[in-house]
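Shown next: coords25.cif, containing mmCIF, C-alpha atoms and all ligand atoms.
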```
data_input
#
loop_
_atom_site.label_atom_id
_atom_site.label_comp_id
_atom_site.auth_asym_id
_atom_site.auth_seq_id
_atom_site.Cartn_x
_atom_site.Cartn_y
_atom_site.Cartn_z
CA MET A 1 128.26 86.56 98.11
CA ASN A 2 124.64 85.40 98.24
CA PHE A 3 122.69 87.56 95.85
CA TYR A 4 119.34 86.70 94.30
CA LEU A 5 117.02 89.12 92.53
CA PRO A 6 114.29 87.57 90.40
CA GLU A 7 112.46 90.90 89.99
CA HIS A 8 112.92 92.79 86.73
CA VAL A 9 113.52 96.31 88.09
CA LYS A 10 113.05 99.29 85.77
CA TYR A 11 114.46 102.29 87.63
CA GLY A 12 114.32 105.84 86.30
CA ARG A 13 112.13 108.68 85.19
CA ASP A 14 108.93 107.63 83.37
CA SER A 15 109.82 103.96 83.70
CA VAL A 16 106.11 102.97 83.67
CA LEU A 17 105.35 104.80 80.40
CA LYS A 18 108.61 103.78 78.74
CA ASN A 19 108.22 100.08 79.57
CA ALA A 20 104.50 99.56 79.05
CA LEU A 21 105.16 96.59 76.76
CA LEU A 22 106.60 94.63 79.69
CA LEU A 23 103.12 94.69 81.24
CA LYS A 24 101.73 92.97 78.15
CA GLU A 25 103.94 89.98 78.92
CA LEU A 26 102.04 89.54 82.20
CA GLY A 27 98.59 89.16 80.61
CA ARG A 28 95.54 90.87 79.15
CA ARG A 29 93.49 91.54 82.29
CA CYS A 30 94.85 93.32 85.35
CA LEU A 31 93.67 94.08 88.88
CA ILE A 32 95.18 97.39 90.03
CA VAL A 33 95.63 97.42 93.83
CA THR A 34 96.02 100.79 95.58
CA GLY A 35 95.42 102.66 98.81
CA ARG A 36 92.67 105.23 99.17
CA SER A 37 94.20 108.27 97.50
CA SER A 38 97.98 108.47 97.15
CA ALA A 39 98.31 106.41 93.94
CA LYS A 40 96.25 109.09 92.21
CA ARG A 41 97.81 112.03 94.08
CA SER A 42 101.31 110.89 93.18
CA GLY A 43 100.57 110.62 89.44
CA ALA A 44 101.45 106.91 89.38
CA PHE A 45 97.88 105.78 88.80
CA ASP A 46 97.43 107.94 85.68
CA ASP A 47 100.72 106.70 84.21
CA ALA A 48 99.74 103.09 84.94
CA VAL A 49 96.35 103.57 83.24
CA SER A 50 98.04 105.14 80.17
CA ALA A 51 100.49 102.24 80.01
CA LEU A 52 97.74 99.61 80.33
CA ASN A 53 95.54 101.36 77.75
CA SER A 54 98.43 101.63 75.31
CA CYS A 55 98.76 97.83 75.43
CA GLY A 56 95.03 97.10 75.28
CA ILE A 57 95.03 95.59 78.79
CA ASP A 58 91.65 95.65 80.57
CA PHE A 59 91.75 96.58 84.25
CA PHE A 60 89.66 96.79 87.39
CA VAL A 61 90.63 98.86 90.46
CA PHE A 62 90.68 97.66 94.09
CA ASP A 63 91.48 100.77 96.17
CA GLU A 64 90.76 99.65 99.73
CA ILE A 65 94.24 98.98 101.12
CA GLY A 66 94.99 100.85 104.33
CA GLU A 67 98.23 101.38 106.27
CA ASN A 68 99.51 98.19 107.91
CA PRO A 69 97.34 96.14 105.53
CA LEU A 70 94.86 93.69 107.01
CA VAL A 71 94.99 90.05 105.92
CA ASP A 72 91.21 90.17 105.37
CA THR A 73 91.48 93.11 102.94
CA CYS A 74 94.18 91.28 100.95
CA PHE A 75 91.88 88.24 100.83
CA ASN A 76 89.12 90.49 99.42
CA ALA A 77 91.54 91.87 96.83
CA GLY A 78 92.32 88.28 95.80
CA ALA A 79 88.58 87.59 95.43
CA ALA A 80 88.21 90.76 93.32
CA ALA A 81 91.04 89.58 91.04
CA ARG A 82 89.39 86.16 90.63
CA ASN A 83 85.96 87.68 89.91
CA PHE A 84 87.47 89.95 87.28
CA GLY A 85 89.43 87.08 85.74
CA ALA A 86 92.71 88.98 86.21
CA ASP A 87 95.86 87.53 84.63
CA PHE A 88 98.07 89.69 86.84
CA ILE A 89 98.08 92.21 89.69
CA PHE A 90 99.58 95.71 89.60
CA GLY A 91 100.22 97.17 93.08
CA ILE A 92 100.72 100.97 93.15
CA GLY A 93 101.50 102.69 96.44
CA GLY A 94 103.66 102.66 99.55
CA GLY A 95 104.96 99.57 101.30
CA SER A 96 101.49 98.76 102.65
CA VAL A 97 100.01 98.51 99.17
CA LEU A 98 103.00 96.63 97.72
CA ASP A 99 102.80 94.07 100.54
CA ALA A 100 99.02 93.77 100.12
CA ALA A 101 99.41 93.21 96.38
CA LYS A 102 101.86 90.36 97.09
CA ALA A 103 99.33 88.67 99.40
CA ALA A 104 96.46 89.30 96.94
CA ALA A 105 98.47 87.58 94.18
CA ILE A 106 98.83 84.54 96.44
CA PHE A 107 95.15 84.50 97.45
CA THR A 108 93.99 84.79 93.82
CA SER A 109 95.67 81.72 92.47
CA SER A 110 95.78 79.41 95.48
CA SER A 111 93.04 77.44 97.14
CA ILE A 112 93.50 79.20 100.51
CA SER A 113 89.94 79.26 101.85
CA GLU A 114 90.34 81.63 104.82
CA PRO A 115 92.50 84.77 105.20
CA MET A 116 94.65 83.58 108.14
CA LYS A 117 95.48 80.29 106.38
CA ILE A 118 97.99 82.27 104.31
CA TYR A 119 100.40 81.76 107.25
CA GLU A 120 100.11 77.96 106.92
CA ARG A 121 100.47 77.78 103.15
CA LYS A 122 103.03 75.61 101.44
CA ALA A 123 104.78 77.06 98.38
CA THR A 124 102.16 78.60 96.08
CA SER A 125 102.21 79.84 92.47
CA PRO A 126 100.81 83.36 92.76
CA LEU A 127 99.44 85.47 89.96
CA PRO A 128 102.22 87.46 88.23
CA LEU A 129 102.79 90.74 90.01
CA ALA A 130 103.93 94.20 88.92
CA LEU A 131 104.75 96.82 91.57
CA CYS A 132 105.19 100.58 91.46
CA GLY A 133 106.36 102.29 94.67
CA THR A 134 105.22 105.75 95.80
CA THR A 135 107.26 105.96 99.03
CA ALA A 136 111.04 105.73 99.43
CA GLY A 137 111.55 103.47 102.41
CA THR A 138 110.40 99.89 102.72
CA GLY A 139 112.25 98.39 99.75
CA SER A 140 109.32 95.96 99.47
CA GLU A 141 109.75 96.22 95.70
CA VAL A 142 112.82 93.97 95.95
CA THR A 143 112.14 91.77 98.98
CA GLY A 144 110.42 88.41 99.22
CA VAL A 145 108.46 89.57 102.27
CA SER A 146 104.96 90.92 102.88
CA VAL A 147 104.10 92.39 106.29
CA LEU A 148 100.41 91.92 107.09
CA THR A 149 98.22 92.66 110.11
CA ASP A 150 95.74 90.30 111.73
CA GLY A 151 92.59 92.42 112.17
CA LYS A 152 91.45 90.37 115.21
CA THR A 153 94.60 90.75 117.31
CA GLY A 154 96.01 93.88 115.65
CA ARG A 155 99.37 92.12 115.34
CA LYS A 156 101.77 92.55 112.46
CA LYS A 157 103.13 89.30 111.08
CA SER A 158 105.12 88.69 107.89
CA ILE A 159 104.86 86.07 105.24
CA SER A 160 107.92 85.39 103.14
CA GLY A 161 109.15 83.19 100.33
CA GLU A 162 109.47 83.00 96.59
CA ASP A 163 105.72 83.50 96.27
CA CYS A 164 106.09 86.99 97.82
CA ARG A 165 108.08 88.37 94.91
CA ALA A 166 107.15 90.63 92.03
CA SER A 167 107.99 89.81 88.41
CA LEU A 168 108.24 93.45 87.38
CA VAL A 169 109.09 96.60 89.37
CA PHE A 170 108.75 100.20 88.21
CA ALA A 171 110.83 102.55 90.34
CA ASP A 172 110.40 106.24 89.56
CA ALA A 173 111.10 108.76 92.31
CA LYS A 174 108.79 111.35 90.72
CA TYR A 175 105.90 109.57 92.46
CA THR A 176 107.49 110.40 95.82
CA PHE A 177 107.45 114.19 95.16
CA SER A 178 103.98 114.41 96.74
CA LEU A 179 105.09 112.87 100.06
CA PRO A 180 104.60 115.25 103.00
CA PHE A 181 107.42 115.91 105.49
CA ASP A 182 106.38 113.38 108.13
CA ILE A 183 105.99 110.42 105.74
CA THR A 184 109.23 111.39 103.97
CA VAL A 185 111.05 111.24 107.30
CA SER A 186 109.45 108.06 108.58
CA THR A 187 110.06 106.15 105.34
CA ALA A 188 113.70 107.35 105.17
CA LEU A 189 114.17 106.19 108.78
CA ASP A 190 112.85 102.76 107.74
CA ALA A 191 115.37 102.58 104.90
CA LEU A 192 118.21 103.60 107.25
CA ALA A 193 117.09 100.96 109.75
CA HIS A 194 117.19 98.33 106.98
CA ALA A 195 120.70 99.35 105.97
CA LEU A 196 122.10 99.37 109.53
CA GLU A 197 120.29 96.24 110.72
CA GLY A 198 121.26 94.31 107.58
CA ARG A 199 124.88 95.48 107.75
CA LEU A 200 125.08 94.26 111.37
CA SER A 201 123.50 90.89 110.59
CA PRO A 202 125.73 87.82 110.48
CA LYS A 203 124.27 87.14 107.02
CA CYS A 204 125.92 90.28 105.60
CA THR A 205 128.29 89.65 102.66
CA GLU A 206 130.53 91.84 100.45
CA THR A 207 127.57 92.85 98.28
CA GLU A 208 125.60 94.30 101.19
CA ILE A 209 128.72 95.98 102.61
CA PHE A 210 129.03 97.73 99.26
CA LEU A 211 125.33 98.63 99.16
CA ALA A 212 125.48 100.05 102.72
CA ARG A 213 128.39 102.29 101.68
CA GLU A 214 126.15 103.68 98.95
CA CYS A 215 122.92 104.21 100.84
CA VAL A 216 123.80 105.05 104.48
CA PRO A 217 125.39 108.48 103.74
CA VAL A 218 122.50 109.46 101.43
CA LEU A 219 119.88 108.57 104.02
CA ILE A 220 121.57 110.11 107.06
CA ASN A 221 122.31 113.35 105.16
CA LEU A 222 118.65 113.71 104.26
CA LEU A 223 117.61 112.93 107.83
CA ARG A 224 120.10 115.40 109.34
CA GLN A 225 118.79 118.06 106.95
CA ALA A 226 115.19 117.26 107.94
CA GLN A 227 116.00 117.43 111.63
CA LYS A 228 118.03 120.63 111.40
CA ASN A 229 115.99 122.68 108.93
CA GLY A 230 112.65 120.89 108.69
CA THR A 231 112.98 121.09 104.90
CA LEU A 232 111.77 118.60 102.31
CA PRO A 233 114.27 117.08 99.88
CA ASN A 234 114.50 118.60 96.40
CA GLU A 235 113.79 116.51 93.31
CA SER A 236 117.32 115.27 92.76
CA GLN A 237 117.54 114.30 96.45
CA ARG A 238 114.25 112.41 96.04
CA ASP A 239 115.93 110.39 93.26
CA GLU A 240 118.88 109.59 95.51
CA ILE A 241 116.67 108.62 98.46
CA TYR A 242 114.50 106.29 96.40
CA LEU A 243 117.56 104.54 95.00
CA ALA A 244 118.97 104.33 98.55
CA SER A 245 115.73 102.74 99.77
CA LEU A 246 116.04 100.08 97.06
CA HIS A 247 119.66 99.45 98.02
CA ALA A 248 118.59 99.08 101.65
CA GLY A 249 115.80 96.73 100.52
CA LEU A 250 118.42 94.61 98.74
CA ILE A 251 120.42 94.52 101.98
CA ILE A 252 117.52 93.09 104.07
CA ASN A 253 116.62 90.81 101.18
CA THR A 254 119.80 88.88 102.00
CA CYS A 255 120.51 89.83 105.61
CA SER A 256 116.99 90.23 107.11
CA THR A 257 116.24 92.77 109.85
CA LEU A 258 117.30 92.67 113.54
CA PHE A 259 115.60 93.39 116.88
CA PRO A 260 114.47 96.98 116.09
CA HIS A 261 111.85 95.65 113.67
CA PRO A 262 109.89 93.33 116.01
CA LEU A 263 110.17 95.94 118.78
CA GLY A 264 108.98 98.59 116.36
CA TYR A 265 105.90 96.49 115.55
CA VAL A 266 104.78 96.90 119.17
CA LEU A 267 104.92 100.70 118.87
CA THR A 268 102.90 100.60 115.63
CA GLU A 269 100.31 98.12 116.89
CA ASN A 270 99.71 99.71 120.30
CA TYR A 271 100.66 103.37 119.92
CA GLY A 272 100.00 104.04 116.22
CA VAL A 273 103.62 105.02 115.52
CA PRO A 274 104.37 104.81 111.76
CA HIS A 275 106.60 101.87 110.85
CA GLY A 276 109.83 103.76 110.07
CA LYS A 277 109.76 105.91 113.20
CA ALA A 278 108.84 102.88 115.31
CA CYS A 279 111.88 100.87 114.18
CA ALA A 280 114.17 103.91 114.32
CA ALA A 281 113.40 104.36 118.02
CA PHE A 282 115.64 101.32 118.66
CA MET A 283 118.47 102.22 116.29
CA PRO A 284 120.59 103.98 118.97
CA GLU A 285 120.44 100.85 121.14
CA LEU A 286 121.37 98.69 118.13
CA LEU A 287 124.47 100.82 117.55
CA ARG A 288 125.40 100.76 121.26
CA ARG A 289 125.36 96.97 121.13
CA ALA A 290 127.29 96.95 117.86
CA GLN A 291 130.01 99.12 119.41
CA GLN A 292 130.52 96.49 122.12
CA VAL A 293 130.11 93.30 120.10
CA LEU A 294 131.17 94.25 116.55
CA PRO A 295 133.59 97.19 117.01
CA GLU A 296 135.02 97.05 113.49
CA VAL A 297 131.63 97.13 111.79
CA PHE A 298 130.54 99.87 114.21
CA SER A 299 133.57 101.92 113.29
CA GLU A 300 132.80 101.64 109.56
CA LEU A 301 129.16 102.55 110.17
CA SER A 302 130.18 105.51 112.31
CA THR A 303 132.27 106.83 109.39
CA LEU A 304 129.36 106.32 106.97
CA LEU A 305 127.04 108.12 109.39
CA GLY A 306 129.53 110.97 109.84
CA ASP A 307 129.76 110.27 113.60
CA ALA A 308 127.37 107.71 115.07
CA GLU A 309 126.52 109.64 118.21
CA SER A 310 125.22 112.81 116.60
CA ALA A 311 123.53 110.73 113.86
CA MET A 312 121.67 108.73 116.49
CA GLN A 313 120.62 111.92 118.28
CA ALA A 314 119.04 113.15 115.05
CA VAL A 315 117.41 109.75 114.45
CA SER A 316 115.96 109.66 118.00
CA GLU A 317 114.58 113.14 117.70
CA LEU A 318 112.94 112.38 114.34
CA ALA A 319 111.55 109.06 115.62
CA GLY A 320 109.88 110.98 118.44
CA CYS A 321 109.22 107.96 120.66
CA SER A 322 111.31 108.88 123.69
CA SER A 323 108.38 110.01 125.80
CA LEU A 324 105.84 107.27 125.09
CA ASN A 325 106.48 106.07 128.67
CA ILE A 326 105.43 102.46 128.12
CA GLY A 327 106.79 101.43 131.51
CA ARG A 328 108.37 98.20 132.70
CA ALA A 329 105.21 96.23 133.54
CA GLN A 330 103.57 96.96 130.20
CA SER A 331 106.81 96.23 128.31
CA GLU A 332 107.04 92.84 130.02
CA ALA A 333 103.42 92.13 129.08
CA PHE A 334 104.21 92.92 125.43
CA ALA A 335 107.30 90.74 125.62
CA LEU A 336 105.34 87.61 126.53
CA ARG A 337 104.79 87.00 122.82
CA TRP A 338 108.56 86.85 122.24
CA GLU A 339 108.98 84.32 125.03
CA LYS A 340 106.46 82.01 123.37
CA ASP A 341 107.69 82.59 119.84
CA PRO A 342 111.13 84.28 119.71
CA PRO A 343 111.56 86.28 116.47
CA LYS A 344 114.41 85.08 114.24
CA ASN A 345 115.66 88.69 114.27
CA PHE A 346 116.62 88.32 117.96
CA ALA A 347 119.15 85.55 117.35
CA LEU A 348 120.70 87.53 114.46
CA SER A 349 121.14 90.69 116.56
CA PRO A 350 124.65 91.57 117.84
CA GLY A 351 125.13 89.65 121.10
CA GLY A 352 121.74 87.91 120.64
CA MET A 353 118.66 88.95 122.55
CA THR A 354 116.24 87.40 125.01
CA ALA A 355 112.60 88.38 125.48
CA LYS A 356 113.57 89.87 128.87
CA GLU A 357 116.28 92.07 127.33
CA ALA A 358 113.85 93.14 124.62
CA ALA A 359 111.34 94.21 127.29
CA GLU A 360 114.08 96.26 129.02
CA ILE A 361 114.91 97.99 125.72
CA LEU A 362 111.25 98.63 124.99
CA ASP A 363 110.88 100.28 128.38
CA SER A 364 114.13 102.26 128.42
CA GLN A 365 114.05 103.54 124.82
CA THR A 366 110.52 104.87 125.14
CA ASP A 367 111.33 106.78 128.32
CA THR A 368 114.68 108.40 127.61
CA ALA A 369 113.35 111.91 128.20
CA THR A 370 112.58 111.17 131.88
CA ARG A 371 115.66 109.03 132.45
CA SER A 372 118.14 111.55 131.12
CA GLY A 373 116.52 114.48 132.77
P1 LIG B 401 102.42 103.20 103.76
O1 LIG B 401 101.77 102.59 104.95
O2 LIG B 401 102.40 102.44 102.49
O3 LIG B 401 101.81 104.64 103.47
C1 LIG B 401 101.74 105.59 104.50
C2 LIG B 401 100.87 106.76 104.05
O4 LIG B 401 101.53 107.43 103.00
C3 LIG B 401 99.50 106.35 103.51
O5 LIG B 401 98.55 107.21 104.07
C4 LIG B 401 99.61 106.57 102.01
O6 LIG B 401 98.38 106.96 101.43
C5 LIG B 401 100.59 107.72 101.96
N1 LIG B 401 101.34 107.82 100.71
C6 LIG B 401 101.98 106.84 100.03
N2 LIG B 401 102.61 107.34 98.94
C7 LIG B 401 102.36 108.67 98.92
C8 LIG B 401 102.73 109.73 98.06
N3 LIG B 401 103.52 109.53 97.00
N4 LIG B 401 102.27 110.98 98.34
C9 LIG B 401 101.49 111.22 99.43
N5 LIG B 401 101.12 110.25 100.30
C10 LIG B 401 101.55 109.00 100.06
O7 LIG B 401 103.93 103.58 104.17
P2 LIG B 401 105.31 102.79 103.95
O8 LIG B 401 106.20 103.26 105.01
O9 LIG B 401 105.76 102.87 102.55
O10 LIG B 401 104.93 101.25 104.23
C11 LIG B 401 104.87 100.75 105.55
C12 LIG B 401 104.49 99.29 105.50
O11 LIG B 401 105.50 98.53 104.82
C13 LIG B 401 104.38 98.70 106.90
O12 LIG B 401 103.27 97.83 106.97
C14 LIG B 401 105.69 97.94 107.06
O13 LIG B 401 105.59 96.89 108.00
C15 LIG B 401 105.89 97.43 105.65
N6 LIG B 401 107.28 97.05 105.31
C16 LIG B 401 107.46 96.04 104.43
C17 LIG B 401 108.74 95.62 104.08
C18 LIG B 401 108.91 94.49 103.11
O14 LIG B 401 110.02 94.06 102.84
N7 LIG B 401 107.85 93.95 102.54
C19 LIG B 401 109.86 96.25 104.62
C20 LIG B 401 109.66 97.31 105.52
C21 LIG B 401 108.36 97.71 105.85
P3 LIG B 401 97.30 105.92 100.79
O15 LIG B 401 96.74 105.14 101.92
O16 LIG B 401 96.31 106.78 100.10
O17 LIG B 401 98.03 105.02 99.82
FE FE B 402 111.04 98.18 107.77
#
```
Turn the structure described in the file into structure tokens.
Ligand code: NAP
Ligand code: FE
Amino acid sequence: MNFYLPEHVKYGRDSVLKNALLLKELGRRCLIVTGRSSAKRSGAFDDAVSALNSCGIDFFVFDEIGENPLVDTCFNAGAAARNFGADFIFGIGGGSVLDAAKAAAIFTSSSISEPMKIYERKATSPLPLALCGTTAGTGSEVTGVSVLTDGKTGRKKSISGEDCRASLVFADAKYTFSLPFDITVSTALDALAHALEGRLSPKCTETEIFLARECVPVLINLLRQAQKNGTLPNESQRDEIYLASLHAGLIINTCSTLFPHPLGYVLTENYGVPHGKACAAFMPELLRRAQQVLPEVFSELSTLLGDAESAMQAVSELAGCSSLNIGRAQSEAFALRWEKDPPKNFALSPGGMTAKEAAEILDSQTDTATRSG
């Protein structure tokens, strides 16, 4: 076992309102970090404001975080927190906002003078951070990772470490009720990718095996229902999915992700595919490799998925990337980055992975429609 969770997680209905006093422990002045509209649409923003007001905490709102958050915007959020004299940051939103709030907390209290220098930092002591999720997918609430995008190159690149962790997490699935079908599906695919990739990582221990048994059936059932009927989950399913996304987040917190994540980044950066769908496009190939290299783990996963083959058909269809037609030459061009700087996820993947193999997968998995027909 190798389990570490410094975040204080308050899961359950109305957890923000019921635990307002915990915010008081973080300070008297707060910078709220959100995206453009969903914090308000989900109801989370109003609950956060009520909780802060009830404790006499002054706040200022920075609502400029976009999807795949830019390092520069996080730097600006850090400057806003400093100007306001914030004692802590409260990130409210999907994974993009939670990750941006982590980076803003680092920028606020460190002497990092330029946005991109965050990648060269030594251990920092960020401002205390509270997070409240409004999507059920990334698990960023419980990971020590923040995925940022360099605005100049358009590339996604993570920072990680103890300074990327929240002190306090509010997890209430009622804020996910407003998610439309497409974002519900993409975020659930991300959570499933985390569970499967983490379970197949050599870092997986008994704790993550247990967590995967909990969350994989919940996630695949929801996804099969979405694919078959096109229906949104009901409220009690939303509760189950959010909990499953946190369980999957705990899995990658220990095990990290495998090759589908760096390959997925290419689809997001160059073709605008949302993160969850982008990673899910490579899940069938991950399971094919697992079947060859780790047959026992594959067999357990197949049981949890209620038959791996049909589960992967549903996943592929929902990911919707099979006719992007990237082509071999373009895939090899994208893969040059992995030759120069191989992602750690490659070495952890079943059977390992070279940049050349990754390019082959990128090409073949985004052209399955033509190949099979
Ligand atoms: P997201 O990028 O945070 O949000 C996607 C869209 O959903 C946005 O337009 C957002 O609107 C909207 N939205 C959020 N909550 C909503 C709600 N309750 N109702 C209606 N709309 C809502 O999506 P995400 O999948 O949660 O996060 C993806 C990011 O997380 C990627 O950058 C990915 O790389 C990263 N990630 C991080 C980790 C980690 O461990 N740190 C793990 C996996 C993925 P607004 O813009 O108005 O907010
Ligand atoms: Fe992910």
Centre, edges in Å (one decimal): axis-aligned box, range 6-17 of chain A, 3 Å padding on all six sides, as JSON:
```
{"center_x": 109.9, "center_y": 98.1, "center_z": 85.4, "size_x": 15.1, "size_y": 27.1, "size_z": 16.0}
```
Handout entry: Environment of ligand LIG 401 (chain B) within 7 Å, counting all atoms listed in the file, reported as a PyMOL selection string
Key = chain A and resi 34-39+41-42+65-69+93-97+99+134-140+143-148+175-180+183+186-187+190+249+275-276
Handout entry: Pick from A:Leu286, A:Ala130, A:Cys204, A:Ala355, whichever lies nearest to Thr254 in chain A using all atoms listed in the file
Key = A:Cys204
Exercise for the section: Between A:Ala105, A:Leu5, A:Ala308, A:Cys30, single out the one closest to Asn76 in chain A, counting only C-alpha atoms. Expected result: A:Ala105
Exercise for the section: Select, counting only C-alpha atoms, all protein, DNA and RNA residues no farther than 10 Å from (100.8, 88.1, 80.6) in file coordinates, and express the selection as an NGL selection string. Expected result: :A and (22-30 or 57 or 86-88 or 127-129)
Exercise for the section: Show which residues sit within 8 Å of Leu192 in chain A, as JSON, numbers by chain. Count only C-alpha atoms, and ignore same-chain residues fewer than 3 positions away. Expected result: {"A": [188, 189, 195, 196, 215, 216, 219, 220, 245, 248]}
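Counting all atoms listed in the file, the residue from A:Phe298, A:Phe59, A:Tyr271, A:Phe259 that sits nearest to Pro342 in chain A is A:Phe259.
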Practice task
Within 7 Å of range 344-352 of chain A, counting all atoms listed in the file, which residues show up once you throw out same-chain ones fewer than 3 positions away? Write them as a list in words, please.
Solution key: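 Within the cut-off, the hits are Ser201, Pro202, Thr257, Leu258, Phe259, Arg289, Ala290 and Val293 of chain A.
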Problem - Residue with smallest distance to Asn2 in chain A - pool A:Arg82, A:Lys18, A:Lys203, A:Lys40, counting only C-alpha atoms - result: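 Using only C-alpha atoms, the shortest distance to Asn2 in chain A belongs to A:Lys203.
Using only C-alpha atoms, the smallest distance between any of A:Ala166, A:Ile89, A:Leu287, A:Glu339 and Ala311 in chain A comes from A:Leu287.
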Practice task
Counting all atoms listed in the file, figure out which residue out of A:Arg213, A:His261, A:Lys122, A:His247 gets nearest to ligand FE 402 (chain B).
Solution key: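 Checking each candidate against ligand FE 402 (chain B), we get A:His261 as the closest.
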Exercise for the section: Name all residues at most 12 Å from Leu21 in chain A (count all atoms listed in the file; drop same-chain ones fewer than 5 positions away) and give them as a PyMOL selection string. Expected result: chain A and resi 15-16+26-28+48+50-57+168
Handout entry: Pairwise distance for CA of Tyr119 in chain A and CA of Asn253 in chain A, rounded to one decimal in Å
Key = 19.5 Å
Problem - Between CA of His8 in chain A and CA of Glu141 in chain A - distance in Å to one decimal - result: 10.1 Å
Practice task
Please provide the set of residues having any atom within 12 Å of Ala329 in chain A, restricted to only C-alpha atoms, with same-chain residues fewer than 2 positions apart removed, written as a count of residues only.
Solution key: 15
Practice task
Report the distance between CA of Ala358 in chain A and CA of Trp338 in chain A in Å, rounded to one decimal place.
Solution key: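 Calculated distance between CA of Ala358 in chain A and CA of Trp338 in chain A is 8.6 Å.
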Reconstruct range 263-280 of chain A at the level of N, CA and C atoms, and format the result as an mmCIF file, in the frame of the given file.
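result28.cif written:
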```
data_model
loop_
_atom_site.group_PDB
_atom_site.id
_atom_site.type_symbol
_atom_site.label_atom_id
_atom_site.label_comp_id
_atom_site.auth_asym_id
_atom_site.auth_seq_id
_atom_site.Cartn_x
_atom_site.Cartn_y
_atom_site.Cartn_z
ATOM 1 N N LEU A 263 110.503 94.979 117.714
ATOM 2 C CA LEU A 263 110.170 95.940 118.780
ATOM 3 C C LEU A 263 109.341 97.091 118.210
ATOM 4 N N GLY A 264 109.722 97.510 117.012
ATOM 5 C CA GLY A 264 108.980 98.590 116.360
ATOM 6 C C GLY A 264 107.520 98.199 116.107
ATOM 7 N N TYR A 265 107.290 96.924 115.795
ATOM 8 C CA TYR A 265 105.900 96.490 115.550
ATOM 9 C C TYR A 265 105.013 96.793 116.755
ATOM 10 N N VAL A 266 105.573 96.644 117.958
ATOM 11 C CA VAL A 266 104.780 96.900 119.170
ATOM 12 C C VAL A 266 104.356 98.374 119.224
ATOM 13 N N LEU A 267 105.261 99.268 118.835
ATOM 14 C CA LEU A 267 104.920 100.700 118.870
ATOM 15 C C LEU A 267 103.862 101.036 117.815
ATOM 16 N N THR A 268 103.918 100.351 116.674
ATOM 17 C CA THR A 268 102.900 100.600 115.630
ATOM 18 C C THR A 268 101.558 100.028 116.063
ATOM 19 N N GLU A 269 101.579 98.792 116.548
ATOM 20 C CA GLU A 269 100.310 98.120 116.890
ATOM 21 C C GLU A 269 99.591 98.807 118.053
ATOM 22 N N ASN A 270 100.345 99.220 119.069
ATOM 23 C CA ASN A 270 99.710 99.710 120.300
ATOM 24 C C ASN A 270 99.686 101.214 120.458
ATOM 25 N N TYR A 271 100.579 101.914 119.735
ATOM 26 C CA TYR A 271 100.660 103.370 119.920
ATOM 27 C C TYR A 271 100.522 104.125 118.600
ATOM 28 N N GLY A 272 100.242 103.394 117.512
ATOM 29 C CA GLY A 272 100.000 104.040 116.220
ATOM 30 C C GLY A 272 101.201 104.753 115.632
ATOM 31 N N VAL A 273 102.421 104.366 116.064
ATOM 32 C CA VAL A 273 103.620 105.020 115.520
ATOM 33 C C VAL A 273 103.873 104.463 114.116
ATOM 34 N N PRO A 274 104.099 105.332 113.108
ATOM 35 C CA PRO A 274 104.370 104.810 111.760
ATOM 36 C C PRO A 274 105.606 103.903 111.751
ATOM 37 N N HIS A 275 105.604 102.938 110.829
ATOM 38 C CA HIS A 275 106.600 101.870 110.850
ATOM 39 C C HIS A 275 108.059 102.366 110.946
ATOM 40 N N GLY A 276 108.427 103.326 110.102
ATOM 41 C CA GLY A 276 109.830 103.760 110.070
ATOM 42 C C GLY A 276 110.260 104.387 111.384
ATOM 43 N N LYS A 277 109.418 105.272 111.915
ATOM 44 C CA LYS A 277 109.760 105.910 113.200
ATOM 45 C C LYS A 277 109.812 104.871 114.313
ATOM 46 N N ALA A 278 108.910 103.907 114.255
ATOM 47 C CA ALA A 278 108.840 102.880 115.310
ATOM 48 C C ALA A 278 110.130 102.056 115.359
ATOM 49 N N CYS A 279 110.632 101.673 114.188
ATOM 50 C CA CYS A 279 111.880 100.870 114.180
ATOM 51 C C CYS A 279 113.069 101.749 114.550
ATOM 52 N N ALA A 280 113.044 103.015 114.076
ATOM 53 C CA ALA A 280 114.170 103.910 114.320
ATOM 54 C C ALA A 280 114.358 104.203 115.803
#
```
